[in-house]
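Raw my_file-v7.txt, compact mmCIF, C-alpha atoms and all ligand atoms:
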# COMPACT_ATOMS: atom_id res chain seq x y z
CA MET A 163 113.37 100.67 89.15
CA ARG A 164 115.15 103.88 90.15
CA ALA A 165 116.40 104.12 93.73
CA VAL A 166 118.93 105.76 95.99
CA THR A 167 121.57 103.38 97.38
CA TYR A 168 124.82 103.33 99.32
CA ASP A 169 127.21 100.39 99.41
CA SER A 170 129.18 101.16 102.57
CA TYR A 171 128.73 103.27 105.70
CA ALA A 172 129.64 106.94 105.39
CA PRO A 173 129.50 109.92 107.76
CA ASP A 174 128.40 112.20 104.90
CA ASP A 175 126.47 111.93 101.62
CA SER A 176 129.46 110.97 99.46
CA LYS A 177 128.33 107.34 99.09
CA LEU A 178 124.76 108.10 98.02
CA HIS A 179 124.11 106.87 94.50
CA TYR A 180 121.01 107.39 92.37
CA GLY A 181 120.35 104.86 89.61
CA GLU A 182 118.72 101.62 88.45
CA VAL A 183 118.35 98.64 90.78
CA ALA A 184 116.39 95.37 90.56
CA ASP A 185 112.68 95.57 91.31
CA PRO A 186 111.78 94.26 94.80
CA LYS A 187 110.50 90.72 95.24
CA VAL A 188 107.10 90.48 96.91
CA GLY A 189 106.97 87.67 99.47
CA PRO A 190 104.12 86.00 101.35
CA GLY A 191 102.21 88.51 103.43
CA GLN A 192 103.86 91.47 101.72
CA VAL A 193 102.50 94.21 99.49
CA LEU A 194 104.41 96.06 96.80
CA ILE A 195 103.92 99.81 97.20
CA GLN A 196 104.55 102.32 94.45
CA VAL A 197 106.16 105.13 96.42
CA LYS A 198 104.36 108.47 96.18
CA ALA A 199 106.20 110.02 99.13
CA ALA A 200 108.87 108.89 101.61
CA SER A 201 109.91 111.12 104.45
CA VAL A 202 113.39 111.70 105.82
CA ASN A 203 114.04 110.93 109.48
CA PRO A 204 117.28 111.69 111.34
CA VAL A 205 117.73 107.93 111.74
CA ASP A 206 118.27 107.61 107.97
CA TRP A 207 121.58 109.47 107.99
CA LYS A 208 122.50 108.05 111.41
CA VAL A 209 122.09 104.54 109.96
CA MET A 210 124.16 105.54 106.91
CA ALA A 211 126.95 106.66 109.28
CA GLY A 212 126.94 103.18 110.88
CA GLY A 213 125.24 104.36 114.08
CA LEU A 214 122.93 101.35 114.33
CA ASP A 215 125.52 98.74 113.35
CA PRO A 216 125.86 97.37 116.91
CA MET A 217 122.16 96.45 116.92
CA MET A 218 121.10 95.86 113.31
CA ASP A 219 122.55 93.80 110.49
CA CYS A 220 123.09 95.73 107.30
CA VAL A 221 122.76 94.29 103.80
CA PHE A 222 124.60 96.41 101.23
CA PRO A 223 123.76 98.02 98.92
CA VAL A 224 121.26 99.71 101.21
CA ILE A 225 118.26 101.63 99.93
CA PRO A 226 117.72 104.19 102.73
CA GLY A 227 114.34 105.44 103.94
CA TRP A 228 111.87 103.88 106.40
CA ASP A 229 108.68 105.91 105.75
CA VAL A 230 106.34 105.47 102.81
CA ALA A 231 102.98 106.51 101.43
CA GLY A 232 101.88 105.11 98.10
CA VAL A 233 99.68 102.78 96.07
CA VAL A 234 99.59 98.98 96.31
CA THR A 235 100.57 97.63 92.89
CA ARG A 236 100.94 93.94 93.77
CA THR A 237 100.19 91.64 96.70
CA GLY A 238 102.25 88.63 97.77
CA PRO A 239 100.71 85.22 98.47
CA ASP A 240 97.94 85.24 101.09
CA THR A 241 97.67 88.97 101.74
CA PRO A 242 93.90 89.44 101.95
CA GLU A 243 94.12 92.74 103.88
CA PHE A 244 95.06 94.79 100.81
CA SER A 245 94.24 94.97 97.10
CA VAL A 246 95.91 96.51 94.08
CA GLY A 247 95.04 100.21 93.99
CA ASP A 248 94.77 100.71 97.76
CA GLU A 249 96.26 103.99 98.98
CA VAL A 250 98.40 103.13 101.99
CA MET A 251 101.24 104.24 104.26
CA ALA A 252 103.76 102.38 106.40
CA TYR A 253 106.69 102.62 108.75
CA ALA A 254 108.69 100.18 106.64
CA ARG A 255 111.71 99.36 108.85
CA LYS A 256 112.82 95.75 108.34
CA ASP A 257 114.76 93.43 110.66
CA ALA A 258 117.98 94.30 108.83
CA VAL A 259 118.94 97.62 107.25
CA SER A 260 118.31 96.72 103.61
CA THR A 261 115.69 97.74 101.06
CA GLY A 262 114.03 101.01 102.09
CA THR A 263 111.66 103.55 100.67
CA PHE A 264 113.83 106.04 98.72
CA ALA A 265 112.90 104.17 95.56
CA GLU A 266 110.08 103.85 93.07
CA TYR A 267 108.77 100.71 94.78
CA VAL A 268 109.14 99.00 98.15
CA ALA A 269 107.82 95.67 99.46
CA VAL A 270 106.40 95.94 102.99
CA ALA A 271 104.91 93.39 105.41
CA ALA A 272 101.12 93.81 105.48
CA PRO A 273 100.92 94.08 109.31
CA HIS A 274 103.04 97.24 109.04
CA VAL A 275 100.71 98.90 106.52
CA ALA A 276 97.62 101.07 107.09
CA ARG A 277 95.27 102.92 104.79
CA LYS A 278 96.17 106.51 103.99
CA PRO A 279 93.67 108.94 105.52
CA ALA A 280 91.90 111.09 102.93
CA GLY A 281 92.71 114.19 104.98
CA LEU A 282 96.43 114.03 104.12
CA ASP A 283 98.03 114.58 100.74
CA TRP A 284 100.79 112.23 99.64
CA ALA A 285 103.67 114.24 101.11
CA GLN A 286 101.90 114.59 104.47
CA ALA A 287 101.04 110.87 104.55
CA GLY A 288 104.66 110.02 103.77
CA GLY A 289 105.69 112.14 106.73
CA LEU A 290 103.35 110.52 109.23
CA PRO A 291 104.37 106.89 109.96
CA LEU A 292 107.71 106.92 111.82
CA ALA A 293 107.27 110.27 113.55
CA GLY A 294 103.57 109.68 114.22
CA LEU A 295 104.08 106.19 115.67
CA THR A 296 106.87 107.55 117.86
CA ALA A 297 104.67 110.37 119.13
CA LEU A 298 101.75 108.00 119.75
CA ARG A 299 103.99 105.49 121.55
CA SER A 300 105.18 108.34 123.77
CA MET A 301 101.60 109.38 124.59
CA ASP A 302 100.62 105.76 125.29
CA ARG A 303 103.58 105.10 127.58
CA LEU A 304 103.04 108.37 129.44
CA GLY A 305 99.31 107.64 129.69
CA VAL A 306 98.60 111.22 128.64
CA GLY A 307 95.01 112.29 129.21
CA ARG A 308 92.68 114.90 130.59
CA GLY A 309 94.18 116.77 133.55
CA ASP A 310 97.76 116.24 132.45
CA VAL A 311 100.20 119.04 131.77
CA LEU A 312 102.53 117.63 129.10
CA LEU A 313 105.92 119.17 128.36
CA VAL A 314 107.24 118.36 124.88
CA HIS A 315 110.95 118.99 124.35
CA GLY A 316 111.35 119.68 120.61
CA ALA A 317 107.77 120.68 119.84
CA ALA A 318 108.43 121.97 116.31
CA GLY A 319 110.19 118.87 114.92
CA GLY A 320 108.82 115.87 113.08
CA VAL A 321 107.93 113.89 116.20
CA GLY A 322 107.24 116.88 118.43
CA SER A 323 104.79 118.62 116.11
CA ILE A 324 102.68 115.45 115.99
CA ALA A 325 103.00 114.82 119.75
CA VAL A 326 101.74 118.33 120.57
CA GLN A 327 98.59 117.68 118.53
CA LEU A 328 98.06 114.21 120.04
CA GLY A 329 98.53 115.56 123.57
CA VAL A 330 95.92 118.23 122.93
CA ALA A 331 93.56 115.70 121.31
CA LEU A 332 93.93 113.44 124.35
CA GLY A 333 92.84 116.29 126.63
CA ALA A 334 96.16 117.48 128.04
CA ARG A 335 97.47 120.99 128.33
CA VAL A 336 100.68 120.99 126.24
CA ILE A 337 103.75 123.17 126.76
CA GLY A 338 106.35 122.80 124.01
CA THR A 339 109.95 124.00 123.69
CA ALA A 340 110.94 125.60 120.40
CA SER A 341 112.97 128.52 119.11
CA GLU A 342 111.07 131.78 118.78
CA ARG A 343 110.69 131.52 115.03
CA ASN A 344 108.54 128.43 115.66
CA HIS A 345 106.33 129.81 118.43
CA GLU A 346 103.42 130.70 116.17
CA PHE A 347 103.67 127.26 114.58
CA VAL A 348 103.52 125.51 117.98
CA ARG A 349 100.60 127.73 119.01
CA GLY A 350 98.81 126.70 115.82
CA LEU A 351 99.19 123.06 116.87
CA GLY A 352 97.44 123.84 120.15
CA GLY A 353 100.56 124.05 122.33
CA GLU A 354 101.99 126.80 124.51
CA PRO A 355 105.50 127.54 123.25
CA VAL A 356 108.51 128.30 125.45
CA THR A 357 112.00 129.13 124.22
CA TYR A 358 114.56 126.48 125.15
CA GLY A 359 118.01 127.23 126.57
CA GLU A 360 119.05 129.23 129.62
CA GLY A 361 116.07 130.14 131.80
CA VAL A 362 113.76 127.50 130.30
CA VAL A 363 112.85 126.08 133.73
CA ASP A 364 111.65 129.50 134.92
CA ARG A 365 109.68 130.02 131.70
CA ILE A 366 107.94 126.64 132.08
CA LYS A 367 107.19 127.33 135.76
CA ALA A 368 105.80 130.73 134.84
CA LEU A 369 103.23 128.90 132.70
CA SER A 370 102.63 126.06 135.14
CA PRO A 371 103.80 126.96 138.68
CA SER A 372 103.15 123.48 140.09
CA GLY A 373 105.20 121.88 137.32
CA VAL A 374 104.17 119.35 134.68
CA SER A 375 102.80 115.82 135.10
CA THR A 376 104.37 114.31 131.97
CA VAL A 377 107.43 115.02 129.82
CA ALA A 378 108.23 113.73 126.34
CA ASP A 379 111.82 114.42 125.31
CA PHE A 380 112.37 114.43 121.54
CA VAL A 381 115.72 116.25 121.66
CA GLY A 382 118.06 114.53 124.14
CA GLY A 383 120.17 116.11 126.86
CA GLN A 384 117.09 117.52 128.59
CA LEU A 385 117.20 115.60 131.88
CA GLU A 386 118.14 118.60 134.00
CA THR A 387 115.13 120.57 132.78
CA THR A 388 112.84 117.56 132.95
CA ARG A 389 113.74 116.84 136.56
CA ALA A 390 113.41 120.50 137.53
CA VAL A 391 109.85 120.84 136.23
CA LEU A 392 108.38 117.36 136.74
CA ALA A 393 105.83 117.36 139.56
CA PRO A 394 106.08 114.60 142.21
CA GLY A 395 104.75 111.35 140.75
CA GLY A 396 105.23 112.65 137.21
CA ARG A 397 106.20 110.42 134.25
CA HIS A 398 108.81 111.02 131.57
CA VAL A 399 110.04 109.35 128.40
CA SER A 400 112.77 110.10 125.90
CA ILE A 401 113.38 108.91 122.35
CA ALA A 402 116.81 110.55 122.18
CA ASP A 403 118.48 109.87 125.54
CA PRO A 404 119.30 106.24 126.37
CA THR A 405 120.29 107.23 129.96
CA VAL A 406 116.76 108.30 130.84
CA GLY A 407 116.06 104.90 132.41
CA GLN A 408 118.62 105.63 135.12
CA HIS A 409 116.58 108.68 136.13
CA GLY A 410 113.10 107.25 136.47
CA GLY A 411 112.09 107.65 132.84
CA GLU A 412 111.72 105.31 129.89
CA TRP A 413 113.72 105.21 126.66
CA LEU A 414 111.38 104.45 123.75
CA TRP A 415 112.03 102.89 120.36
CA VAL A 416 109.33 103.06 117.72
CA ARG A 417 108.06 99.82 116.12
CA PRO A 418 106.39 99.24 112.77
CA ASP A 419 102.70 98.72 113.55
CA GLY A 420 99.87 99.01 111.03
CA ALA A 421 97.16 98.93 113.70
CA LYS A 422 98.73 101.86 115.57
CA LEU A 423 99.15 103.67 112.27
CA ALA A 424 95.42 103.25 111.70
CA GLU A 425 94.86 104.91 115.11
CA LEU A 426 96.87 107.89 113.85
CA ALA A 427 94.80 107.93 110.68
CA ALA A 428 91.68 108.13 112.86
CA PHE A 429 93.08 111.25 114.58
CA VAL A 430 93.56 112.74 111.10
CA GLU A 431 90.04 111.81 110.00
CA ALA A 432 88.66 113.38 113.20
CA GLY A 433 90.37 116.65 112.29
CA ARG A 434 92.69 116.43 115.32
CA LEU A 435 95.98 115.78 113.52
CA THR A 436 97.80 117.02 110.46
CA VAL A 437 101.40 116.85 109.22
CA GLU A 438 103.52 119.91 108.52
CA VAL A 439 105.74 119.43 105.47
CA ALA A 440 108.72 121.79 105.55
CA GLN A 441 110.03 120.86 102.10
CA THR A 442 109.85 118.17 99.43
CA TYR A 443 112.80 116.86 97.40
CA PRO A 444 113.01 114.67 94.29
CA LEU A 445 114.59 111.23 94.62
CA ASP A 446 117.95 112.35 93.26
CA LYS A 447 118.23 115.05 95.95
CA VAL A 448 118.20 112.81 99.03
CA GLY A 449 121.63 114.17 99.95
CA ALA A 450 120.26 117.71 100.14
CA ALA A 451 117.40 116.49 102.33
CA PHE A 452 119.86 114.68 104.63
CA GLU A 453 121.93 117.85 104.87
CA ALA A 454 118.84 119.85 105.87
CA SER A 455 117.88 117.20 108.45
CA ARG A 456 121.38 117.19 109.96
CA GLY A 457 120.93 120.93 110.57
CA GLY A 458 118.52 119.96 113.38
CA HIS A 459 115.97 122.73 112.84
CA THR A 460 113.40 121.22 110.50
CA ARG A 461 109.84 122.43 111.16
CA GLY A 462 107.71 119.32 110.71
CA LYS A 463 108.89 116.92 108.00
CA LEU A 464 111.22 116.73 105.01
CA VAL A 465 109.74 114.50 102.31
CA ILE A 466 111.15 112.73 99.25
CA VAL A 467 108.76 112.64 96.30
CA PRO A 468 109.99 110.26 93.56
N1 LIG A 501 113.81 106.28 119.63
C1 LIG A 501 112.98 106.43 118.60
O1 LIG A 501 112.13 105.56 118.35
C2 LIG A 501 113.06 107.65 117.73
C3 LIG A 501 112.07 107.87 116.77
C4 LIG A 501 112.10 109.06 116.03
C5 LIG A 501 113.14 109.96 116.21
N2 LIG A 501 114.12 109.69 117.11
C6 LIG A 501 115.19 110.67 117.38
O2 LIG A 501 114.55 111.77 118.04
C7 LIG A 501 115.12 112.99 117.63
C8 LIG A 501 114.04 113.90 117.05
O3 LIG A 501 113.53 113.35 115.86
P1 LIG A 501 112.68 114.25 114.85
O4 LIG A 501 112.37 113.42 113.68
O5 LIG A 501 111.58 114.94 115.56
O6 LIG A 501 113.82 115.31 114.47
P2 LIG A 501 113.70 116.70 113.68
O7 LIG A 501 112.37 116.80 113.03
O8 LIG A 501 114.91 116.82 112.84
O9 LIG A 501 113.78 117.78 114.87
C9 LIG A 501 114.06 119.08 114.52
C10 LIG A 501 113.45 119.98 115.58
O10 LIG A 501 114.24 119.95 116.77
C11 LIG A 501 114.08 121.21 117.40
N3 LIG A 501 115.18 121.45 118.33
C12 LIG A 501 116.51 121.42 118.06
N4 LIG A 501 117.20 121.63 119.21
C13 LIG A 501 116.28 121.80 120.19
C14 LIG A 501 116.36 122.04 121.60
N5 LIG A 501 117.54 122.14 122.23
N6 LIG A 501 115.20 122.14 122.31
C15 LIG A 501 114.00 122.04 121.69
N7 LIG A 501 113.86 121.81 120.38
C16 LIG A 501 114.99 121.70 119.64
C17 LIG A 501 114.07 122.20 116.27
O11 LIG A 501 113.29 123.32 116.65
P3 LIG A 501 113.88 124.80 116.46
O12 LIG A 501 114.19 124.95 115.00
O13 LIG A 501 112.79 125.66 116.97
O14 LIG A 501 115.16 124.83 117.28
C18 LIG A 501 113.39 121.42 115.12
O15 LIG A 501 112.05 121.78 114.96
C19 LIG A 501 116.24 112.62 116.64
O16 LIG A 501 117.44 112.49 117.38
C20 LIG A 501 115.81 111.25 116.14
O17 LIG A 501 116.90 110.47 115.67
C21 LIG A 501 114.10 108.57 117.89
Now that the file is in, can you turn its structure into structure tokens?
Amino acid sequence: MRAVTYDSYAPDDSKLHYGEVADPKVGPGQVLIQVKAASVNPVDWKVMAGGLDPMMDCVFPVIPGWDVAGVVTRTGPDTPEFSVGDEVMAYARKDAVSTGTFAEYVAVAAPHVARKPAGLDWAQAGGLPLAGLTALRSMDRLGVGRGDVLLVHGAAGGVGSIAVQLGVALGARVIGTASERNHEFVRGLGGEPVTYGEGVVDRIKALSPSGVSTVADFVGGQLETTRAVLAPGGRHVSIADPTVGQHGGEWLWVRPDGAKLAELAAFVEAGRLTVEVAQTYPLDKVGAAFEASRGGHTRGKLVIVP
């Protein structure tokens, strides 16, 4: 099959190679998915730079990419949950950095797979798993619900744009930080946008004078603002600041989870959640997609379409 690979860590895209590799094996409890779309997440180029080496083994050559939407073309032994032809999606991270989704096919453990909701096209479904599971995990850990005022740092990004919609669907009032060019976008998701940077605390307090009850940080480096606006007894989590635990918050790390992915699909089917796709790229342009992601200002998701 055709795939993107790299055979050593690199801080840039110089090691990315596009070419033929062996087809994946399909083990017990796995399904083989023909990739229709595979989104880019910042972790993909962070992994390529060796950023996760202290915590994850790496088997070179690596096929990058952890998100997939596609069609089941084969099932491994004893995988009754899925059949050939099923349209599915998955957060396909494995225990070691190894065979990912920027390829024509990927083998994924069935418990990590869920059915693709009809309300998303392939590119949108490919953009949902990692970012969506992260956003949902954040809502779950914060216990977001009716009566909450939720502040989302990074409301226009892959995770943030989904979290804003989930917060609204769960009954919260959602305030989201974004640059001005994204304010209409955040409003369209149901959030109240505020510009980040100097004066952000005053702008948040102008919207909610008694502060916010919950904060989800999807940017990092936001503790000062979080602490200034969090009402007494409030809860906060971060996916981008490992020090948050020292300040009364929780640092979250998304897990592959087909059942939780099905919960996200239900939000889609209920008309409460969609996925914004900023741009799609062919498989041989993963480097260009990584470059765009490194820029840090993607609205929604960047998606690879083989
Ligand atoms: N721990 C985990 O499980 C986990 C899971 C997923 C992601 N992450 C990490 O979380 C971060 C976000 O991921 P992502 O996929 O959402 O990234 P992303 O889609 O690349 O985020 C881009 C967004 O960040 C916004 N942004 C940039 N600087 C900002 C600031 N100072 N304040 C508010 N918004 C700002 C940009 O909005 P503007 O263009 O309006 O500036 C843009 O919309 C990354 O560091 C990623 O590696 C961690």
Environment of ligand LIG 501 (chain A) within 6 Å, counting all atoms listed in the file, reported as an MDAnalysis selection string: chainID A and resid 203:205 293 296 315:316 318:322 339:341 344 358 380:381 401:402 414:416 455 458:462
Could you write out as AutoDock Vina command-line options the box around segment 390-394 of chain A (axis-aligned, all atoms listed in the file, 4 Å on each side), with centre and edge lengths in Å to one decimal?
--center_x 109.6 --center_y 117.7 --center_z 139.2 --size_x 15.6 --size_y 14.2 --size_z 14.0
Counting all atoms listed in the file, the option among A:Glu342, A:Asp248, A:Glu182, A:Asp169 closest to Gly359 of chain A: A:Glu342
Selection near segment 238-244 of chain A, 10 Å with only C-alpha atoms, sequence-local residues under 4 positions removed, as a PyMOL selection string: chain A and resi 187-194+234+248-250+269-273+275-277
Select from segment 188-254 of chain A every residue with an atom at most 8 Å from any atom of segment 448-453 of chain A, then for each give the shortest pair of atoms and their distance in Å to one decimal, using all atoms listed in the file, rows by chain and rising number, as JSON lines.
{"residue": "A:Val202", "atom": "CA", "partner": "A:Ala451", "partner_atom": "CA", "distance": 7.2}
{"residue": "A:Pro204", "atom": "CA", "partner": "A:Phe452", "partner_atom": "CA", "distance": 7.8}
{"residue": "A:Asp206", "atom": "CA", "partner": "A:Phe452", "partner_atom": "CA", "distance": 8.0}
{"residue": "A:Trp207", "atom": "CA", "partner": "A:Phe452", "partner_atom": "CA", "distance": 6.4}
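Counting from atom CA of Ser300 of chain A, the distance to atom CA of Thr442 of chain A is 26.7 Å.
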Surrounding residues of segment 171-177 of chain A excluding itself and chain neighbours under 6 positions, 6 Å, all atoms listed in the file, as a list of chain:residue names: A:Met210, A:Ala211, A:Gly212, A:Gly449
Surrounding residues of segment 362-376 of chain A excluding itself and chain neighbours under 3 positions, 6 Å, only C-alpha atoms, as JSON, numbers by chain: {"A": [310, 311, 312, 358, 359, 391, 392, 393, 396, 397, 398]}
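Take atom CA of Lys198 of chain A and atom CA of Glu266 of chain A: the distance between them is 8.0 Å.
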For atom CA of Val330 of chain A and atom CA of Gly395 of chain A, the interatomic separation in Å (one decimal): 21.0 Å
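Remark: for Val197 of chain A, the closest of the candidate residues A:Val259, A:Ala285, A:Leu385, A:Gly361 is A:Ala285 (distances computed over only C-alpha atoms).
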Expected answer as a list of chain:residue names: all residues with atoms within 9 Å of (123.5, 95.3, 101.1), only C-alpha atoms: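 Taken together, the residues in range are A:Tyr168, A:Asp169, A:Ser170, A:Cys220, A:Val221, A:Phe222, A:Pro223, A:Val224, A:Ile225, A:Val259, A:Ser260, A:Thr261.
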Spatial neighbours of Asp403 of chain A, 7 Å, all atoms listed in the file, chain gap at least 4 places, as an NGL selection string: :A and (382-383 or 413)
Distance query segment 420-425 of chain A at most 10 Å, only C-alpha atoms, self and fewer than 6 positions along chain excluded, as a list of chain:residue names: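 Surrounding residues, per the criterion: A:Met251, A:Ala252, A:Tyr253, A:Ala254, A:Ala271, A:Ala272, A:Pro273, A:His274, A:Val275, A:Ala276, A:Arg277, A:Lys278, A:Pro279, A:Leu290, A:Pro291, A:Leu292, A:Gly294, A:Leu295, A:Leu298, A:Arg299, A:Glu431.
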Using the selection just defined, write its residues with C-alpha atoms as a PDB file, in the coordinates of the input.
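So the final result, stored in again.pdb, reads:
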ATOM      1  CA  MET A 251     101.240 104.240 104.260  1.00  0.00           C
ATOM      2  CA  ALA A 252     103.760 102.380 106.400  1.00  0.00           C
ATOM      3  CA  TYR A 253     106.690 102.620 108.750  1.00  0.00           C
ATOM      4  CA  ALA A 254     108.690 100.180 106.640  1.00  0.00           C
ATOM      5  CA  ALA A 271     104.910  93.390 105.410  1.00  0.00           C
ATOM      6  CA  ALA A 272     101.120  93.810 105.480  1.00  0.00           C
ATOM      7  CA  PRO A 273     100.920  94.080 109.310  1.00  0.00           C
ATOM      8  CA  HIS A 274     103.040  97.240 109.040  1.00  0.00           C
ATOM      9  CA  VAL A 275     100.710  98.900 106.520  1.00  0.00           C
ATOM     10  CA  ALA A 276      97.620 101.070 107.090  1.00  0.00           C
ATOM     11  CA  ARG A 277      95.270 102.920 104.790  1.00  0.00           C
ATOM     12  CA  LYS A 278      96.170 106.510 103.990  1.00  0.00           C
ATOM     13  CA  PRO A 279      93.670 108.940 105.520  1.00  0.00           C
ATOM     14  CA  LEU A 290     103.350 110.520 109.230  1.00  0.00           C
ATOM     15  CA  PRO A 291     104.370 106.890 109.960  1.00  0.00           C
ATOM     16  CA  LEU A 292     107.710 106.920 111.820  1.00  0.00           C
ATOM     17  CA  GLY A 294     103.570 109.680 114.220  1.00  0.00           C
ATOM     18  CA  LEU A 295     104.080 106.190 115.670  1.00  0.00           C
ATOM     19  CA  LEU A 298     101.750 108.000 119.750  1.00  0.00           C
ATOM     20  CA  ARG A 299     103.990 105.490 121.550  1.00  0.00           C
ATOM     21  CA  GLU A 431      90.040 111.810 110.000  1.00  0.00           C
TER      22      GLU A 431
END
Residue among A:Gly407, A:Val166, A:Leu214, A:Trp284 lying closest to Gly227 of chain A, counting only C-alpha atoms: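 Nearest candidate to Gly227 of chain A out of A:Gly407, A:Val166, A:Leu214, A:Trp284: A:Val166.
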Which residue of A:Asp283, A:Asp185, A:Asp257, A:Asp419 approaches Val439 of chain A most closely, using all atoms listed in the file: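 Of the candidates, the smallest distance to Val439 of chain A is held by A:Asp283.
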Among listed residues A:Ile324, A:Gln196, A:Pro404, A:Val314, nearest Pro355 of chain A (using all atoms listed in the file):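 Of all the options, A:Val314 lies closest to Pro355 of chain A.
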Pick from A:Thr263, A:Glu386, A:Arg236, A:Leu435 nearest to Gly329 of chain A, counting only C-alpha atoms: A:Leu435
